[in-house]
Amino acid sequence: MSEDISIPEESLNKHETFTQEEYMVMKNDLLKPIEKIGKAGKIWIAFLITVFLAGVFAYYLQETRGKYTTINLRDYTMWGVYISNFLFMVAIGLVGVLMSAILKLTHFEWYRPLSRIAEVIAIGSIMFAGVSIIVAMGRPDRLINLLLHGRIQSPIVWDVIGISTDLAASLILLFIPLIPSIITCKNNLKNLPKWQL
Amino acid sequence: MEKENNNSSRRNFLRLGALGGIALAGTAIAKVVADESPTTTGKKVKVLTADGKLIEIDSSHVDHHAANDDFSKEELRQGIEGKKFIRVIDLGKCANERKCITGCQKAHNILAPIEYIKVKKMQDSELASPYWFPTMCYHCDNPPCVKVCPVDATFKRSDGIVAMDYDRCIGCKFCMAACPYSARTFNFGRPEQLKFTEAHKNDTSDPNHCTTPYAQEGTVAKCDFCTDRSAKGLLPACVVECPNGAIYHGDELEDVVSNGEDSFRLKKLLQDRAGYRQFEELGTKPRVYYLPPVKRDFPFEDATEVHNTKE
């Protein structure tokens, strides 16, 4: 915290005093990809949607034809792949929170754009972690039993509590740095279709 | 005047309070009295009256009898009164004939490769001769699997059995990770298994018909000490099927174990033959004891190992 004291008063408010040109550049950077998506972007989005649908279909196969269909996951060791995926994704999510927390505490002003990236990654990976737990479960249709018969002594119940808390915190931490951008979008985007407003 | 009014109102209040208190106590007593009479379970039981008539009454009106064919969820959770099941396995008698495994699979309506009993080759040191080591759920008195279950689907019963509620299990496999003995198996829902279970679900003509619920697809299953057979006073399927009488099953409170032919006094047997439990240092307190293979009935034959290398 010694760095804290050495920072002069003016530098703390530096981010609020940018020039008009700087603001125009920033505004352009922010609004351009929202207003118009290029051809490469559209292909990329289509590719990602295809991957997502393939995953949904694979899960559908696993649940309807029995867990036996996951050919290379039929023994206990390989079924751990789902759980190791979960741990990997949870760790990435925590790194997102750690990044924004450290940058905030150390008063680095260039942290703002970085913290948004970190939080978006964190939210994505935490949601994926929750999904991989459900995928690894034998009976996802009985998920409600966790609420009906939940035992607080069990680590699985703490998984549920921990992940949902993490997700909620990450959503808040993403929303706060996004406020100025949302206002800018609201003020400057006029020709959007109705559902985006 | 005002003061008097105040007093009377206070008196009224006190009187009201006393009346209320009596009323509350009355309802409480009524509740206790009501609790003494059994609540109806909705399950009908056929009984023979003194004058020779067969009538159907609610199961709450009769004392629980172990020979009742199907169990309600509550009965499965409570366990059999006055019993503490225990098992002793004589390693010197095991020849890996796999009769206990097939008998167990028949009794629980499961097919290979799911095995509740796994026979492993054990060799204590290089110079020592190997022997067969049957493993199963040890029904620990301090069970790690019960502690981690998030939905209370596996539980310790009063008669020492660690049982499973297959209708509640969410298949998180955490109990499998917790069990130091790898006693639990996961039902992957193999198509042939599902077909077999469907076909034998209501087939009561089979003497080995299992009256306890089946392991369902996507749940964790394990040895249950043949809960249904134990309730009827029968020995578990593996004990009956073993041709060499290697497995002794019995009651700790009665201090007796039996393999169907011979019965032994449990404490004396364990003392005389140096009975031990697996991984004693973990503090799980298993209910299955092993007798060291000092006096072997059979030479070790590696050929039978082929059975175990298959999935």
# chains A, B, ... in the order shown; residues from 1 in each chain; ligands from 1
$ select_by_dssp --residues "region 141-259 of chain B" --states "helix (DSSP H, G or I)" --output "ChimeraX atom specification"
/B:144-148,174-178,191-200,227-231,237-241
$ closest_atom_pairs --of "chain B" --to "chain A" --cutoff "6 Å" --atoms "only C-alpha atoms" --output "JSON lines"
{"residue": "B:Val148", "atom": "CA", "partner": "A:Ser154", "partner_atom": "CA", "distance": 4.6}
{"residue": "B:Cys149", "atom": "CA", "partner": "A:Ser154", "partner_atom": "CA", "distance": 5.9}
{"residue": "B:Pro150", "atom": "CA", "partner": "A:Ser154", "partner_atom": "CA", "distance": 5.0}
{"residue": "B:Val151", "atom": "CA", "partner": "A:Gly150", "partner_atom": "CA", "distance": 4.8}
{"residue": "B:Ile170", "atom": "CA", "partner": "A:Arg139", "partner_atom": "CA", "distance": 4.8}
{"residue": "B:Gly171", "atom": "CA", "partner": "A:Gly138", "partner_atom": "CA", "distance": 4.0}
{"residue": "B:Cys172", "atom": "CA", "partner": "A:Met137", "partner_atom": "CA", "distance": 4.8}
{"residue": "B:Phe188", "atom": "CA", "partner": "A:Lys67", "partner_atom": "CA", "distance": 5.0}
{"residue": "B:Gly189", "atom": "CA", "partner": "A:Gly66", "partner_atom": "CA", "distance": 5.1}
{"residue": "B:Arg190", "atom": "CA", "partner": "A:Tyr68", "partner_atom": "CA", "distance": 5.5}
{"residue": "B:Gly218", "atom": "CA", "partner": "A:Gly138", "partner_atom": "CA", "distance": 4.0}
{"residue": "B:Thr219", "atom": "CA", "partner": "A:Gly138", "partner_atom": "CA", "distance": 5.9}
$ residues_around --residues "Ser132 (chain A)" --least-positions-apart "4" --cutoff "8 Å" --atoms "only C-alpha atoms" --output "list in words"
Tyr82, Ile83, Asn85, Phe86, Phe128 and Ala136 of chain A
$ write_last_selection --atoms "C-alpha atoms" --output "compact mmCIF listing (two decimals), in the first residue's frame"
# COMPACT_ATOMS: atom_id res chain seq x y z
CA TYR A 82 -15.73 -33.59 -17.13
CA ILE A 83 -14.62 -32.86 -13.59
CA ASN A 85 -12.87 -29.43 -17.17
CA PHE A 86 -14.93 -28.05 -14.32
CA PHE A 128 -19.21 -23.47 -18.50
CA ALA A 136 -20.96 -35.11 -15.43
$ residues_around --residues "region 16-31 of chain A" --least-positions-apart "6" --cutoff "8 Å" --atoms "only C-alpha atoms" --output "ChimeraX atom specification"
/A:181,184-185,189
$ residues_around --residues "region 105-121 of chain B" --least-positions-apart "3" --cutoff "7 Å" --atoms "only C-alpha atoms" --output "PyMOL selection string"
chain B and resi 96+101-102+130-136+185+193+197+208-210+222-223+237+311
$ write_last_selection --atoms "N, CA and C atoms" --output "JSON list (two decimals), in the first residue's frame"
[["chain", "number", "residue", "atom", "x", "y", "z"],
["B", 96, "ASN", "N", -11.31, -68.38, -6.19],
["B", 96, "ASN", "CA", -11.76, -67.54, -7.30],
["B", 96, "ASN", "C", -12.61, -68.32, -8.29],
["B", 101, "ILE", "N", -19.91, -64.00, -7.32],
["B", 101, "ILE", "CA", -20.17, -62.85, -8.18],
["B", 101, "ILE", "C", -21.40, -63.08, -9.03],
["B", 102, "THR", "N", -21.47, -64.28, -9.65],
["B", 102, "THR", "CA", -22.63, -64.55, -10.50],
["B", 102, "THR", "C", -23.90, -64.64, -9.67],
["B", 130, "PRO", "N", 0.89, -65.72, -3.92],
["B", 130, "PRO", "CA", -0.29, -64.88, -4.08],
["B", 130, "PRO", "C", -1.56, -65.60, -3.64],
["B", 131, "TYR", "N", -2.60, -64.85, -3.37],
["B", 131, "TYR", "CA", -3.89, -65.43, -3.00],
["B", 131, "TYR", "C", -5.00, -64.55, -3.53],
["B", 132, "TRP", "N", -6.22, -65.10, -3.55],
["B", 132, "TRP", "CA", -7.38, -64.34, -4.05],
["B", 132, "TRP", "C", -8.00, -63.56, -2.92],
["B", 133, "PHE", "N", -8.40, -62.34, -3.24],
["B", 133, "PHE", "CA", -8.87, -61.42, -2.22],
["B", 133, "PHE", "C", -10.23, -60.84, -2.65],
["B", 134, "PRO", "N", -11.33, -61.41, -2.15],
["B", 134, "PRO", "CA", -12.65, -60.87, -2.54],
["B", 134, "PRO", "C", -12.93, -59.55, -1.82],
["B", 135, "THR", "N", -13.28, -58.53, -2.59],
["B", 135, "THR", "CA", -13.62, -57.24, -1.97],
["B", 135, "THR", "C", -15.08, -56.91, -2.28],
["B", 136, "MET", "N", -15.65, -56.14, -1.40],
["B", 136, "MET", "CA", -17.05, -55.71, -1.59],
["B", 136, "MET", "C", -17.22, -54.47, -0.73],
["B", 185, "THR", "N", -19.88, -48.94, -7.72],
["B", 185, "THR", "CA", -19.85, -48.95, -9.19],
["B", 185, "THR", "C", -20.89, -47.97, -9.71],
["B", 193, "GLN", "N", -28.12, -54.12, -20.08],
["B", 193, "GLN", "CA", -28.49, -54.08, -18.66],
["B", 193, "GLN", "C", -29.92, -53.55, -18.49],
["B", 197, "THR", "N", -33.03, -55.57, -16.83],
["B", 197, "THR", "CA", -33.75, -55.07, -15.66],
["B", 197, "THR", "C", -35.24, -54.97, -15.94],
["B", 208, "ASN", "N", -34.51, -66.03, -6.56],
["B", 208, "ASN", "CA", -33.53, -65.02, -6.24],
["B", 208, "ASN", "C", -34.04, -63.61, -6.52],
["B", 209, "HIS", "N", -35.35, -63.48, -6.73],
["B", 209, "HIS", "CA", -35.92, -62.17, -7.07],
["B", 209, "HIS", "C", -35.58, -61.15, -5.98],
["B", 210, "CYS", "N", -35.12, -60.02, -6.44],
["B", 210, "CYS", "CA", -34.65, -58.99, -5.51],
["B", 210, "CYS", "C", -35.82, -58.05, -5.19],
["B", 222, "LYS", "N", -23.99, -50.50, -5.23],
["B", 222, "LYS", "CA", -22.98, -51.25, -4.48],
["B", 222, "LYS", "C", -23.65, -52.40, -3.74],
["B", 223, "CYS", "N", -22.79, -53.23, -3.12],
["B", 223, "CYS", "CA", -23.27, -54.35, -2.29],
["B", 223, "CYS", "C", -24.14, -53.80, -1.17],
["B", 237, "ALA", "N", -26.83, -63.82, -0.94],
["B", 237, "ALA", "CA", -26.65, -64.70, -2.09],
["B", 237, "ALA", "C", -25.22, -65.20, -2.21],
["B", 311, "GLU", "N", -13.29, -56.65, -18.90],
["B", 311, "GLU", "CA", -13.92, -55.46, -18.29],
["B", 311, "GLU", "C", -15.10, -55.85, -17.42]]
$ residues_around --residues "region 257-269 of chain B" --least-positions-apart "2" --cutoff "7 Å" --atoms "only C-alpha atoms" --output "list in words"
Val239, Val240, Gly245, Ile247, Tyr248, His249, Gly250, Asp251, Asp255, Gln271, Asp272 and Arg273 of chain B
$ write_last_selection --atoms "all heavy atoms" --output "JSON list (two decimals), in the first residue's frame"
[["chain", "number", "residue", "atom", "x", "y", "z"],
["B", 239, "VAL", "N", -22.96, -65.71, 0.05],
["B", 239, "VAL", "CA", -22.63, -66.70, 1.08],
["B", 239, "VAL", "C", -23.18, -68.07, 0.68],
["B", 239, "VAL", "O", -22.51, -69.09, 0.80],
["B", 239, "VAL", "CB", -23.20, -66.25, 2.44],
["B", 239, "VAL", "CG1", -22.82, -67.24, 3.52],
["B", 239, "VAL", "CG2", -22.72, -64.86, 2.78],
["B", 240, "VAL", "N", -24.42, -68.05, 0.17],
["B", 240, "VAL", "CA", -25.06, -69.31, -0.22],
["B", 240, "VAL", "C", -24.36, -69.92, -1.43],
["B", 240, "VAL", "O", -24.14, -71.12, -1.51],
["B", 240, "VAL", "CB", -26.55, -69.06, -0.52],
["B", 240, "VAL", "CG1", -27.22, -70.32, -0.99],
["B", 240, "VAL", "CG2", -27.24, -68.52, 0.72],
["B", 245, "GLY", "N", -17.44, -72.18, 0.94],
["B", 245, "GLY", "CA", -17.79, -71.62, 2.24],
["B", 245, "GLY", "C", -16.79, -70.63, 2.76],
["B", 245, "GLY", "O", -16.43, -70.63, 3.94],
["B", 247, "ILE", "N", -17.14, -67.34, 2.77],
["B", 247, "ILE", "CA", -17.73, -66.12, 3.35],
["B", 247, "ILE", "C", -18.63, -66.52, 4.51],
["B", 247, "ILE", "O", -19.55, -67.33, 4.36],
["B", 247, "ILE", "CB", -18.55, -65.36, 2.28],
["B", 247, "ILE", "CG1", -17.68, -65.11, 1.04],
["B", 247, "ILE", "CG2", -19.07, -64.07, 2.84],
["B", 247, "ILE", "CD1", -18.45, -64.54, -0.12],
["B", 248, "TYR", "N", -18.34, -65.94, 5.68],
["B", 248, "TYR", "CA", -19.19, -66.15, 6.85],
["B", 248, "TYR", "C", -19.97, -64.87, 7.10],
["B", 248, "TYR", "O", -19.40, -63.79, 7.14],
["B", 248, "TYR", "CB", -18.33, -66.46, 8.08],
["B", 248, "TYR", "CG", -17.54, -67.74, 7.99],
["B", 248, "TYR", "CD1", -16.25, -67.75, 7.48],
["B", 248, "TYR", "CD2", -18.09, -68.94, 8.42],
["B", 248, "TYR", "CE1", -15.53, -68.93, 7.38],
["B", 248, "TYR", "CE2", -17.38, -70.11, 8.34],
["B", 248, "TYR", "CZ", -16.10, -70.11, 7.82],
["B", 248, "TYR", "OH", -15.40, -71.27, 7.73],
["B", 249, "HIS", "N", -21.28, -65.02, 7.23],
["B", 249, "HIS", "CA", -22.13, -63.85, 7.45],
["B", 249, "HIS", "C", -22.88, -64.06, 8.76],
["B", 249, "HIS", "O", -23.25, -65.18, 9.09],
["B", 249, "HIS", "CB", -23.13, -63.71, 6.30],
["B", 249, "HIS", "CG", -23.82, -62.40, 6.25],
["B", 249, "HIS", "ND1", -23.25, -61.29, 5.66],
["B", 249, "HIS", "CD2", -25.02, -62.00, 6.72],
["B", 249, "HIS", "CE1", -24.09, -60.27, 5.76],
["B", 249, "HIS", "NE2", -25.17, -60.68, 6.41],
["B", 250, "GLY", "N", -23.05, -63.01, 9.52],
["B", 250, "GLY", "CA", -23.75, -63.21, 10.79],
["B", 250, "GLY", "C", -24.11, -61.93, 11.48],
["B", 250, "GLY", "O", -24.18, -60.87, 10.87],
["B", 251, "ASP", "N", -24.33, -62.05, 12.76],
["B", 251, "ASP", "CA", -24.84, -60.96, 13.57],
["B", 251, "ASP", "C", -23.85, -60.70, 14.70],
["B", 251, "ASP", "O", -23.51, -61.62, 15.44],
["B", 251, "ASP", "CB", -26.22, -61.35, 14.12],
["B", 251, "ASP", "CG", -26.90, -60.19, 14.79],
["B", 251, "ASP", "OD1", -26.24, -59.14, 14.95],
["B", 251, "ASP", "OD2", -28.07, -60.34, 15.15],
["B", 255, "ASP", "N", -23.19, -62.67, 18.20],
["B", 255, "ASP", "CA", -21.83, -63.19, 18.24],
["B", 255, "ASP", "C", -21.72, -64.51, 17.49],
["B", 255, "ASP", "O", -21.12, -65.46, 17.95],
["B", 255, "ASP", "CB", -21.37, -63.36, 19.71],
["B", 255, "ASP", "CG", -19.86, -63.47, 19.80],
["B", 255, "ASP", "OD1", -19.18, -62.89, 18.93],
["B", 255, "ASP", "OD2", -19.36, -64.13, 20.73],
["B", 271, "GLN", "N", -10.25, -63.97, 17.12],
["B", 271, "GLN", "CA", -9.08, -64.03, 17.99],
["B", 271, "GLN", "C", -8.17, -65.18, 17.61],
["B", 271, "GLN", "O", -6.96, -65.02, 17.50],
["B", 271, "GLN", "CB", -9.54, -64.19, 19.44],
["B", 271, "GLN", "CG", -9.92, -62.87, 20.09],
["B", 271, "GLN", "CD", -10.67, -63.07, 21.39],
["B", 271, "GLN", "OE1", -10.70, -64.17, 21.93],
["B", 271, "GLN", "NE2", -11.26, -62.00, 21.87],
["B", 272, "ASP", "N", -8.77, -66.35, 17.38],
["B", 272, "ASP", "CA", -7.96, -67.54, 17.10],
["B", 272, "ASP", "C", -7.22, -67.41, 15.77],
["B", 272, "ASP", "O", -6.10, -67.88, 15.63],
["B", 272, "ASP", "CB", -8.85, -68.79, 17.04],
["B", 272, "ASP", "CG", -9.37, -69.15, 18.42],
["B", 272, "ASP", "OD1", -8.93, -68.49, 19.38],
["B", 272, "ASP", "OD2", -10.21, -70.06, 18.53],
["B", 273, "ARG", "N", -7.87, -66.80, 14.77],
["B", 273, "ARG", "CA", -7.30, -66.83, 13.44],
["B", 273, "ARG", "C", -6.80, -65.48, 12.99],
["B", 273, "ARG", "O", -6.59, -65.24, 11.80],
["B", 273, "ARG", "CB", -8.32, -67.39, 12.45],
["B", 273, "ARG", "CG", -8.91, -68.68, 12.95],
["B", 273, "ARG", "CD", -9.05, -69.81, 12.01],
["B", 273, "ARG", "NE", -8.57, -69.64, 10.67],
["B", 273, "ARG", "CZ", -9.24, -70.05, 9.60],
["B", 273, "ARG", "NH1", -10.43, -70.61, 9.76],
["B", 273, "ARG", "NH2", -8.75, -69.90, 8.41]]
$ select_by_dssp --residues "region 32-249 of chain B" --states "strand (DSSP E or B)" --output "compact mmCIF listing (two decimals) with N, CA and C atoms, in the first residue's frame"
# COMPACT_ATOMS: atom_id res chain seq x y z
N LYS B 44 -51.43 -51.96 2.24
CA LYS B 44 -52.35 -52.97 2.75
C LYS B 44 -51.60 -54.27 3.04
N VAL B 45 -51.97 -54.89 4.14
CA VAL B 45 -51.36 -56.16 4.52
C VAL B 45 -52.48 -57.17 4.74
N LYS B 46 -52.27 -58.40 4.26
CA LYS B 46 -53.27 -59.44 4.46
C LYS B 46 -53.00 -60.16 5.77
N VAL B 47 -54.01 -60.27 6.61
CA VAL B 47 -53.83 -61.00 7.87
C VAL B 47 -54.96 -62.00 8.04
N LEU B 48 -54.65 -63.05 8.81
CA LEU B 48 -55.63 -64.11 9.07
C LEU B 48 -56.19 -63.87 10.47
N LEU B 54 -59.56 -64.18 6.01
CA LEU B 54 -58.43 -63.42 5.48
C LEU B 54 -58.89 -61.99 5.22
N ILE B 55 -58.33 -61.04 5.95
CA ILE B 55 -58.76 -59.65 5.74
C ILE B 55 -57.56 -58.78 5.39
N GLU B 56 -57.86 -57.66 4.76
CA GLU B 56 -56.81 -56.71 4.40
C GLU B 56 -56.89 -55.51 5.33
N ILE B 57 -55.81 -55.21 6.02
CA ILE B 57 -55.81 -54.02 6.87
C ILE B 57 -54.59 -53.17 6.54
N ASP B 58 -54.57 -51.95 7.07
CA ASP B 58 -53.43 -51.07 6.83
C ASP B 58 -52.21 -51.60 7.58
N PHE B 85 -25.28 -56.61 11.36
CA PHE B 85 -24.70 -57.59 10.43
C PHE B 85 -23.19 -57.44 10.34
N ILE B 86 -22.55 -58.56 10.23
CA ILE B 86 -21.08 -58.58 10.17
C ILE B 86 -20.66 -59.74 9.28
N ARG B 87 -19.48 -59.64 8.73
CA ARG B 87 -19.05 -60.65 7.77
C ARG B 87 -17.57 -60.98 8.00
N VAL B 88 -17.25 -62.24 7.87
CA VAL B 88 -15.85 -62.69 7.98
C VAL B 88 -15.53 -63.48 6.72
N ILE B 89 -14.41 -63.17 6.08
CA ILE B 89 -14.04 -63.87 4.86
C ILE B 89 -12.75 -64.64 5.11
N ASP B 90 -12.81 -65.94 4.88
CA ASP B 90 -11.65 -66.80 5.07
C ASP B 90 -10.87 -66.84 3.75
N LYS B 118 -15.67 -57.93 -6.09
CA LYS B 118 -14.56 -58.03 -7.04
C LYS B 118 -13.48 -58.88 -6.39
N VAL B 119 -13.06 -59.91 -7.09
CA VAL B 119 -12.00 -60.77 -6.55
C VAL B 119 -10.69 -60.34 -7.17
N LYS B 120 -9.74 -59.98 -6.32
CA LYS B 120 -8.46 -59.47 -6.81
C LYS B 120 -7.34 -60.40 -6.40
N LYS B 121 -6.30 -60.37 -7.21
CA LYS B 121 -5.10 -61.15 -6.87
C LYS B 121 -4.26 -60.34 -5.91
N MET B 122 -3.86 -60.97 -4.82
CA MET B 122 -3.10 -60.24 -3.80
C MET B 122 -1.79 -60.97 -3.54
N TYR B 131 -2.60 -64.85 -3.37
CA TYR B 131 -3.89 -65.43 -3.00
C TYR B 131 -5.00 -64.55 -3.53
N TRP B 132 -6.22 -65.10 -3.55
CA TRP B 132 -7.38 -64.34 -4.05
C TRP B 132 -8.00 -63.56 -2.92
N PHE B 133 -8.40 -62.34 -3.24
CA PHE B 133 -8.87 -61.42 -2.22
C PHE B 133 -10.23 -60.84 -2.65
N PRO B 134 -11.33 -61.41 -2.15
CA PRO B 134 -12.65 -60.87 -2.54
C PRO B 134 -12.93 -59.55 -1.82
N THR B 135 -13.28 -58.53 -2.59
CA THR B 135 -13.62 -57.24 -1.97
C THR B 135 -15.08 -56.91 -2.28
N THR B 154 -27.34 -42.15 0.25
CA THR B 154 -26.73 -43.30 0.89
C THR B 154 -26.65 -43.00 2.38
N PHE B 155 -26.93 -44.01 3.19
CA PHE B 155 -27.13 -43.77 4.61
C PHE B 155 -26.74 -45.01 5.40
N LYS B 156 -26.47 -44.81 6.69
CA LYS B 156 -26.12 -45.91 7.59
C LYS B 156 -27.39 -46.34 8.31
N VAL B 162 -24.85 -50.08 5.17
CA VAL B 162 -24.84 -48.81 4.45
C VAL B 162 -25.65 -49.05 3.18
N ALA B 163 -26.84 -48.46 3.13
CA ALA B 163 -27.75 -48.76 2.03
C ALA B 163 -27.86 -47.56 1.08
N MET B 164 -28.49 -47.82 -0.05
CA MET B 164 -28.63 -46.79 -1.08
C MET B 164 -30.09 -46.55 -1.38
N THR B 185 -19.88 -48.94 -7.72
CA THR B 185 -19.85 -48.95 -9.19
C THR B 185 -20.89 -47.97 -9.71
N PHE B 186 -20.61 -47.43 -10.87
CA PHE B 186 -21.55 -46.50 -11.49
C PHE B 186 -22.28 -47.22 -12.61
N VAL B 220 -25.28 -44.60 -8.65
CA VAL B 220 -24.18 -45.39 -8.11
C VAL B 220 -24.78 -46.57 -7.34
N ALA B 221 -24.20 -47.75 -7.55
CA ALA B 221 -24.72 -48.94 -6.89
C ALA B 221 -23.60 -49.65 -6.16
N ILE B 247 -17.14 -67.34 2.77
CA ILE B 247 -17.73 -66.12 3.35
C ILE B 247 -18.63 -66.52 4.51
N TYR B 248 -18.34 -65.94 5.68
CA TYR B 248 -19.19 -66.15 6.85
C TYR B 248 -19.97 -64.87 7.10
N HIS B 249 -21.28 -65.02 7.23
CA HIS B 249 -22.13 -63.85 7.45
C HIS B 249 -22.88 -64.06 8.76
